[in-house]
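*Asks:* Right, I'll just put the structure down here and ask away after.
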Amino acid sequence: MTNCPDDIKTLLSKLVDGEITPDERGRVDAHVIECAPCREMLDLFRKNETLLSNALGSEAFGNAVIESVVRSIRHEGPPEADPVEESPLEWLRARAWIPLSAAAVLLVGLLVLVISQSGEVRELRRAFEAARGAQDDLLRSALAHRTQQDSIIRDMKVALATRGVDAAYVADEGLMVKAGFDARDFAHFEVFRRGEKDVDFTKINTARGEERLRNPEYCDRSAKAGQLYWYKFRAVRANGEAVESAPIQMRAPLADELSPEQSVKIHCFDLAVTGDVGIFLLERVVEGRAVVEKFVVKIGEPVGGPVDVQGVRVNFTTGLTLGRVEEALETMALSYAEPVLDGQGRPIVETLKSGQRVPVTRQHEVPLSIRTNLRATFRTDAGKTAELFKGSWLRVKAK
């Protein structure tokens, strides 16, 4: 030890702590190769450093850490002593402060653990706060996106209602007309009507004291049979702003005419003479919506029947039974209009309220034979017969 440099112990400690410079490392390496006591001291420093690192890196705290380090120190037996010369290692072991140093090492380790735990807690708290802030930002973004999406959907609904027809059909008590506005987006609704000879639309939802409608639908019970009408809705917001739907055209049926709600429309899609079978598309109007179902019918079988369509029971019963399929000469009525003339052979002109002058016409229908086609003949429940050519349709009263 007397031949060792004065700063060798400091350099050995710096080497173990990883704080030594390259030049100092060269001096230490050259010295410990020739000096056995300093090599032993370096080994001891490294073992103590390993024990402390293992204790600090363990998941166990408190007494478990202390006992582990103490057991490791106690298991370190004293090396063989040189009988001739006292080595630096022996000098250190002979001193009473060595146990105190071990305790100091443990205390420092525990302090490091506590500080490390406090730092980890702070890091966890900061991470938690950051995550909560990110979650709040995500929630605000989602709410903003939902609000924007709802606004877009409302605008689309308004656009559809102002550009196209939503629903118009014949009900038992009159003409039922609906618009595509969402009742939740508006304070109230008004409905207007214009007839064929009317100049302007007139509000009609005041006829029965219904000054403000809660929903965009109205049943016009005053419509006259056979007359053509145009309807439109005005949707009014709470701030007074209003938008109007596109005109909805409807013709009131005649007294003996079947309405779509009260009838089944039978379209003859295909017929096969060789197989005595027919394919029919049956259509019914349910709450203003057309529902179509395909039926494959053989000779002697009824046409239609109850069917579940999208979870709704729809009755397509027609009261018809397929009697036969055959070839026949199909005739078709040709419809045309000609002007009505006065006694002097001049067209009669009618002046509307708007001032527009239109010619008075008379409608004609004449039969016209066009081709040979396949024809289906049906028997009704009342014992009568009905005919339907391929590609044509007829309407029967719903059962």
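So you can find residues: chains in the structure tokens are A, B, ... in the order shown, residues in each start at 1, and ligands are numbered from 1 in order.
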Can you pull out every residue within 8 Å of Trp393 in chain A, counting only C-alpha atoms, but drop anything in the same chain fewer than 5 positions away, and send it as a PDB file with N, CA and C atoms, in the first residue's frame?
*Replies:*
ATOM      1  N   LYS A 265    -101.592  -4.672 -55.930  1.00  0.00           N
ATOM      2  CA  LYS A 265    -101.258  -4.532 -57.343  1.00  0.00           C
ATOM      3  C   LYS A 265    -100.523  -5.791 -57.789  1.00  0.00           C
ATOM      4  N   ILE A 266    -101.063  -6.470 -58.844  1.00  0.00           N
ATOM      5  CA  ILE A 266    -100.489  -7.721 -59.337  1.00  0.00           C
ATOM      6  C   ILE A 266     -99.799  -7.452 -60.661  1.00  0.00           C
ATOM      7  N   HIS A 267     -98.495  -7.647 -60.691  1.00  0.00           N
ATOM      8  CA  HIS A 267     -97.719  -7.481 -61.920  1.00  0.00           C
ATOM      9  C   HIS A 267     -97.327  -8.855 -62.434  1.00  0.00           C
ATOM     10  N   CYS A 268     -97.711  -9.163 -63.689  1.00  0.00           N
ATOM     11  CA  CYS A 268     -97.383 -10.456 -64.290  1.00  0.00           C
ATOM     12  C   CYS A 268     -95.949 -10.389 -64.821  1.00  0.00           C
ATOM     13  N   LEU A 388    -104.783 -11.522 -67.285  1.00  0.00           N
ATOM     14  CA  LEU A 388    -103.612 -10.667 -67.134  1.00  0.00           C
ATOM     15  C   LEU A 388    -102.524 -11.152 -68.090  1.00  0.00           C
TER      16      LEU A 388
END
*Asks:* Check range 175-361 of chain A with DSSP on the backbone and list each residue it calls strand (DSSP E or B), as a PyMOL selection string.
*Replies:* chain A and resi 175-178+188-195+202-203+213+217-220+228-236+242-244+248-251+263-272+277-286+289-298+302+306-309+312-315+320-339+341+347+349-351+357-359+361
*Asks:* By how many Å are CA of Arg237 in chain A and CA of Ala183 in chain A apart?
*Replies:*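 For CA of Arg237 in chain A relative to CA of Ala183 in chain A, the distance reads 10.0 Å.
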*Asks:* Restricting the calculation to only C-alpha atoms: of A:Phe186, A:Asn215, A:Met250, A:Arg27, which residue gets closest to Ala238 in chain A?
*Replies:*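 Smallest separation from Ala238 in chain A among the options: A:Phe186.
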*Asks:* Counting only C-alpha atoms, figure out which residue out of A:Ala290, A:Val264, A:Ile8, A:Leu271 gets nearest to Asn315 in chain A.
*Replies:*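 The answer is A:Val264, which sits nearest to Asn315 in chain A.
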*Asks:* Using only C-alpha atoms, which protein or nucleic acid residues come within 8 Å of range 233-235 of chain A? Drop anything in the same chain fewer than 3 positions from it, and give the result as a PDB file with C-alpha atoms, in the first residue's frame.
*Replies:*
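Done, and the output landed in result_37.pdb:
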ATOM      1  CA  ALA A 179     -92.880  15.452 -45.710  1.00  0.00           C
ATOM      2  CA  PHE A 181     -88.705  16.903 -42.072  1.00  0.00           C
ATOM      3  CA  PHE A 186     -88.665  22.383 -35.882  1.00  0.00           C
ATOM      4  CA  ALA A 187     -91.205  24.132 -33.667  1.00  0.00           C
ATOM      5  CA  HIS A 188     -94.261  23.514 -35.866  1.00  0.00           C
ATOM      6  CA  PHE A 189     -95.433  22.842 -39.438  1.00  0.00           C
ATOM      7  CA  GLU A 190     -97.967  24.256 -41.890  1.00  0.00           C
ATOM      8  CA  VAL A 191     -99.411  22.623 -45.001  1.00  0.00           C
ATOM      9  CA  PHE A 192    -100.504  24.342 -48.233  1.00  0.00           C
ATOM     10  CA  PRO A 216     -95.042  17.103 -40.955  1.00  0.00           C
ATOM     11  CA  ALA A 242     -88.818  28.553 -42.202  1.00  0.00           C
ATOM     12  CA  VAL A 243     -88.096  26.156 -45.078  1.00  0.00           C
ATOM     13  CA  GLU A 244     -90.552  24.621 -47.544  1.00  0.00           C
ATOM     14  CA  SER A 245     -90.780  21.130 -48.976  1.00  0.00           C
ATOM     15  CA  ALA A 246     -90.987  20.330 -52.645  1.00  0.00           C
TER      16      ALA A 246
END
*Asks:* Determine, counting only C-alpha atoms, which protein, DNA and RNA residues have an atom within 8 Å of an atom of Leu42 in chain A; residues of the same chain fewer than 6 positions away are not included. Present the result as a PyMOL selection string.
*Replies:* chain A and resi 12-13+16
*Asks:* Any chance you can output those residues with all heavy atoms as a tab-separated table (two decimals), in the first residue's frame?
*Replies:*
chain	number	residue	atom	x	y	z
A	12	LEU	N	-10.12	3.84	-7.97
A	12	LEU	CA	-10.84	2.57	-7.97
A	12	LEU	C	-12.34	2.79	-7.77
A	12	LEU	O	-13.18	2.14	-8.40
A	12	LEU	CB	-10.29	1.67	-6.86
A	12	LEU	CG	-8.86	1.14	-7.07
A	12	LEU	CD1	-8.42	0.34	-5.84
A	12	LEU	CD2	-8.77	0.27	-8.32
A	13	SER	N	-12.71	3.71	-6.86
A	13	SER	CA	-14.13	4.01	-6.63
A	13	SER	C	-14.78	4.61	-7.87
A	13	SER	O	-15.91	4.28	-8.24
A	13	SER	CB	-14.26	4.96	-5.44
A	13	SER	OG	-15.62	5.30	-5.23
A	16	VAL	N	-15.49	1.89	-10.45
A	16	VAL	CA	-16.70	1.11	-10.16
A	16	VAL	C	-17.96	1.92	-10.45
A	16	VAL	O	-18.95	1.39	-10.95
A	16	VAL	CB	-16.68	0.63	-8.70
A	16	VAL	CG1	-18.00	-0.06	-8.33
A	16	VAL	CG2	-15.52	-0.33	-8.47
*Asks:* Hey, what's within 8 Å of Gly278 in chain A if we count only C-alpha atoms and toss same-chain stuff fewer than 3 positions away? As a CSV table (one decimal) with all heavy atoms, in the first residue's frame, please?
*Replies:*
chain,number,residue,atom,x,y,z
A,268,CYS,N,-97.7,-9.2,-63.7
A,268,CYS,CA,-97.4,-10.5,-64.3
A,268,CYS,C,-95.9,-10.4,-64.8
A,268,CYS,O,-95.7,-9.8,-65.9
A,268,CYS,CB,-98.4,-10.8,-65.4
A,268,CYS,SG,-98.1,-12.4,-66.1
A,269,PHE,N,-95.0,-11.0,-64.1
A,269,PHE,CA,-93.6,-10.9,-64.4
A,269,PHE,C,-93.2,-11.9,-65.5
A,269,PHE,O,-92.5,-11.5,-66.5
A,269,PHE,CB,-92.8,-11.1,-63.2
A,269,PHE,CG,-91.3,-11.0,-63.4
A,269,PHE,CD1,-90.7,-9.7,-63.5
A,269,PHE,CD2,-90.5,-12.1,-63.5
A,269,PHE,CE1,-89.3,-9.6,-63.8
A,269,PHE,CE2,-89.1,-12.0,-63.7
A,269,PHE,CZ,-88.6,-10.7,-63.8
A,270,ASP,N,-93.7,-13.1,-65.4
A,270,ASP,CA,-93.4,-14.1,-66.4
A,270,ASP,C,-94.4,-15.3,-66.3
A,270,ASP,O,-95.0,-15.5,-65.3
A,270,ASP,CB,-92.0,-14.7,-66.1
A,270,ASP,CG,-91.4,-15.4,-67.4
A,270,ASP,OD1,-92.0,-15.3,-68.4
A,270,ASP,OD2,-90.3,-16.0,-67.2
A,271,LEU,N,-94.6,-15.9,-67.5
A,271,LEU,CA,-95.5,-17.0,-67.6
A,271,LEU,C,-94.8,-18.2,-68.4
A,271,LEU,O,-94.0,-17.9,-69.3
A,271,LEU,CB,-96.8,-16.7,-68.3
A,271,LEU,CG,-97.7,-15.6,-67.6
A,271,LEU,CD1,-98.8,-15.2,-68.5
A,271,LEU,CD2,-98.2,-16.1,-66.3
A,272,ALA,N,-95.1,-19.4,-68.1
A,272,ALA,CA,-94.6,-20.6,-68.8
A,272,ALA,C,-95.7,-21.5,-69.1
A,272,ALA,O,-96.3,-22.1,-68.2
A,272,ALA,CB,-93.5,-21.3,-68.0
A,296,VAL,N,-94.4,-17.4,-56.9
A,296,VAL,CA,-94.4,-18.4,-58.0
A,296,VAL,C,-95.6,-19.3,-57.8
A,296,VAL,O,-95.7,-20.0,-56.8
A,296,VAL,CB,-93.1,-19.3,-58.0
A,296,VAL,CG1,-93.1,-20.3,-59.2
A,296,VAL,CG2,-91.8,-18.4,-58.1
A,297,VAL,N,-96.5,-19.3,-58.8
A,297,VAL,CA,-97.8,-19.9,-58.6
A,297,VAL,C,-98.0,-20.9,-59.7
A,297,VAL,O,-97.8,-20.6,-60.9
A,297,VAL,CB,-98.9,-18.8,-58.7
A,297,VAL,CG1,-100.3,-19.5,-58.4
A,297,VAL,CG2,-98.7,-17.7,-57.7
A,298,LYS,N,-98.5,-22.1,-59.4
A,298,LYS,CA,-98.8,-23.1,-60.3
A,298,LYS,C,-100.3,-23.2,-60.5
A,298,LYS,O,-101.1,-22.6,-59.8
A,298,LYS,CB,-98.4,-24.5,-59.8
A,298,LYS,CG,-96.8,-24.6,-59.7
A,298,LYS,CD,-96.4,-26.0,-59.3
A,298,LYS,CE,-94.9,-26.2,-59.2
A,298,LYS,NZ,-94.5,-27.5,-58.7
A,325,VAL,N,-102.7,-21.0,-68.2
A,325,VAL,CA,-101.7,-20.1,-68.9
A,325,VAL,C,-101.7,-20.5,-70.4
A,325,VAL,O,-101.6,-21.7,-70.7
A,325,VAL,CB,-100.3,-20.3,-68.3
A,325,VAL,CG1,-99.3,-19.5,-69.1
A,325,VAL,CG2,-100.3,-19.9,-66.9
A,376,ALA,N,-102.5,-15.1,-68.5
A,376,ALA,CA,-102.9,-15.9,-67.3
A,376,ALA,C,-104.4,-15.5,-67.1
A,376,ALA,O,-104.8,-14.4,-67.1
A,376,ALA,CB,-102.1,-15.5,-66.1
*Asks:* For a quick check of understanding, using only C-alpha atoms, which of A:Pro306, A:Pro339, A:Gly275, A:Gly311 has the smallest distance to Lys399 in chain A?
*Replies:*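 For Lys399 in chain A, the nearest of the candidates is A:Pro306.
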*Asks:* Measure the distance from CA of Asp308 in chain A to CA of Phe378 in chain A in Å and round it to one decimal.
*Replies:*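 CA of Phe378 in chain A lies at a distance of 24.8 Å from CA of Asp308 in chain A.
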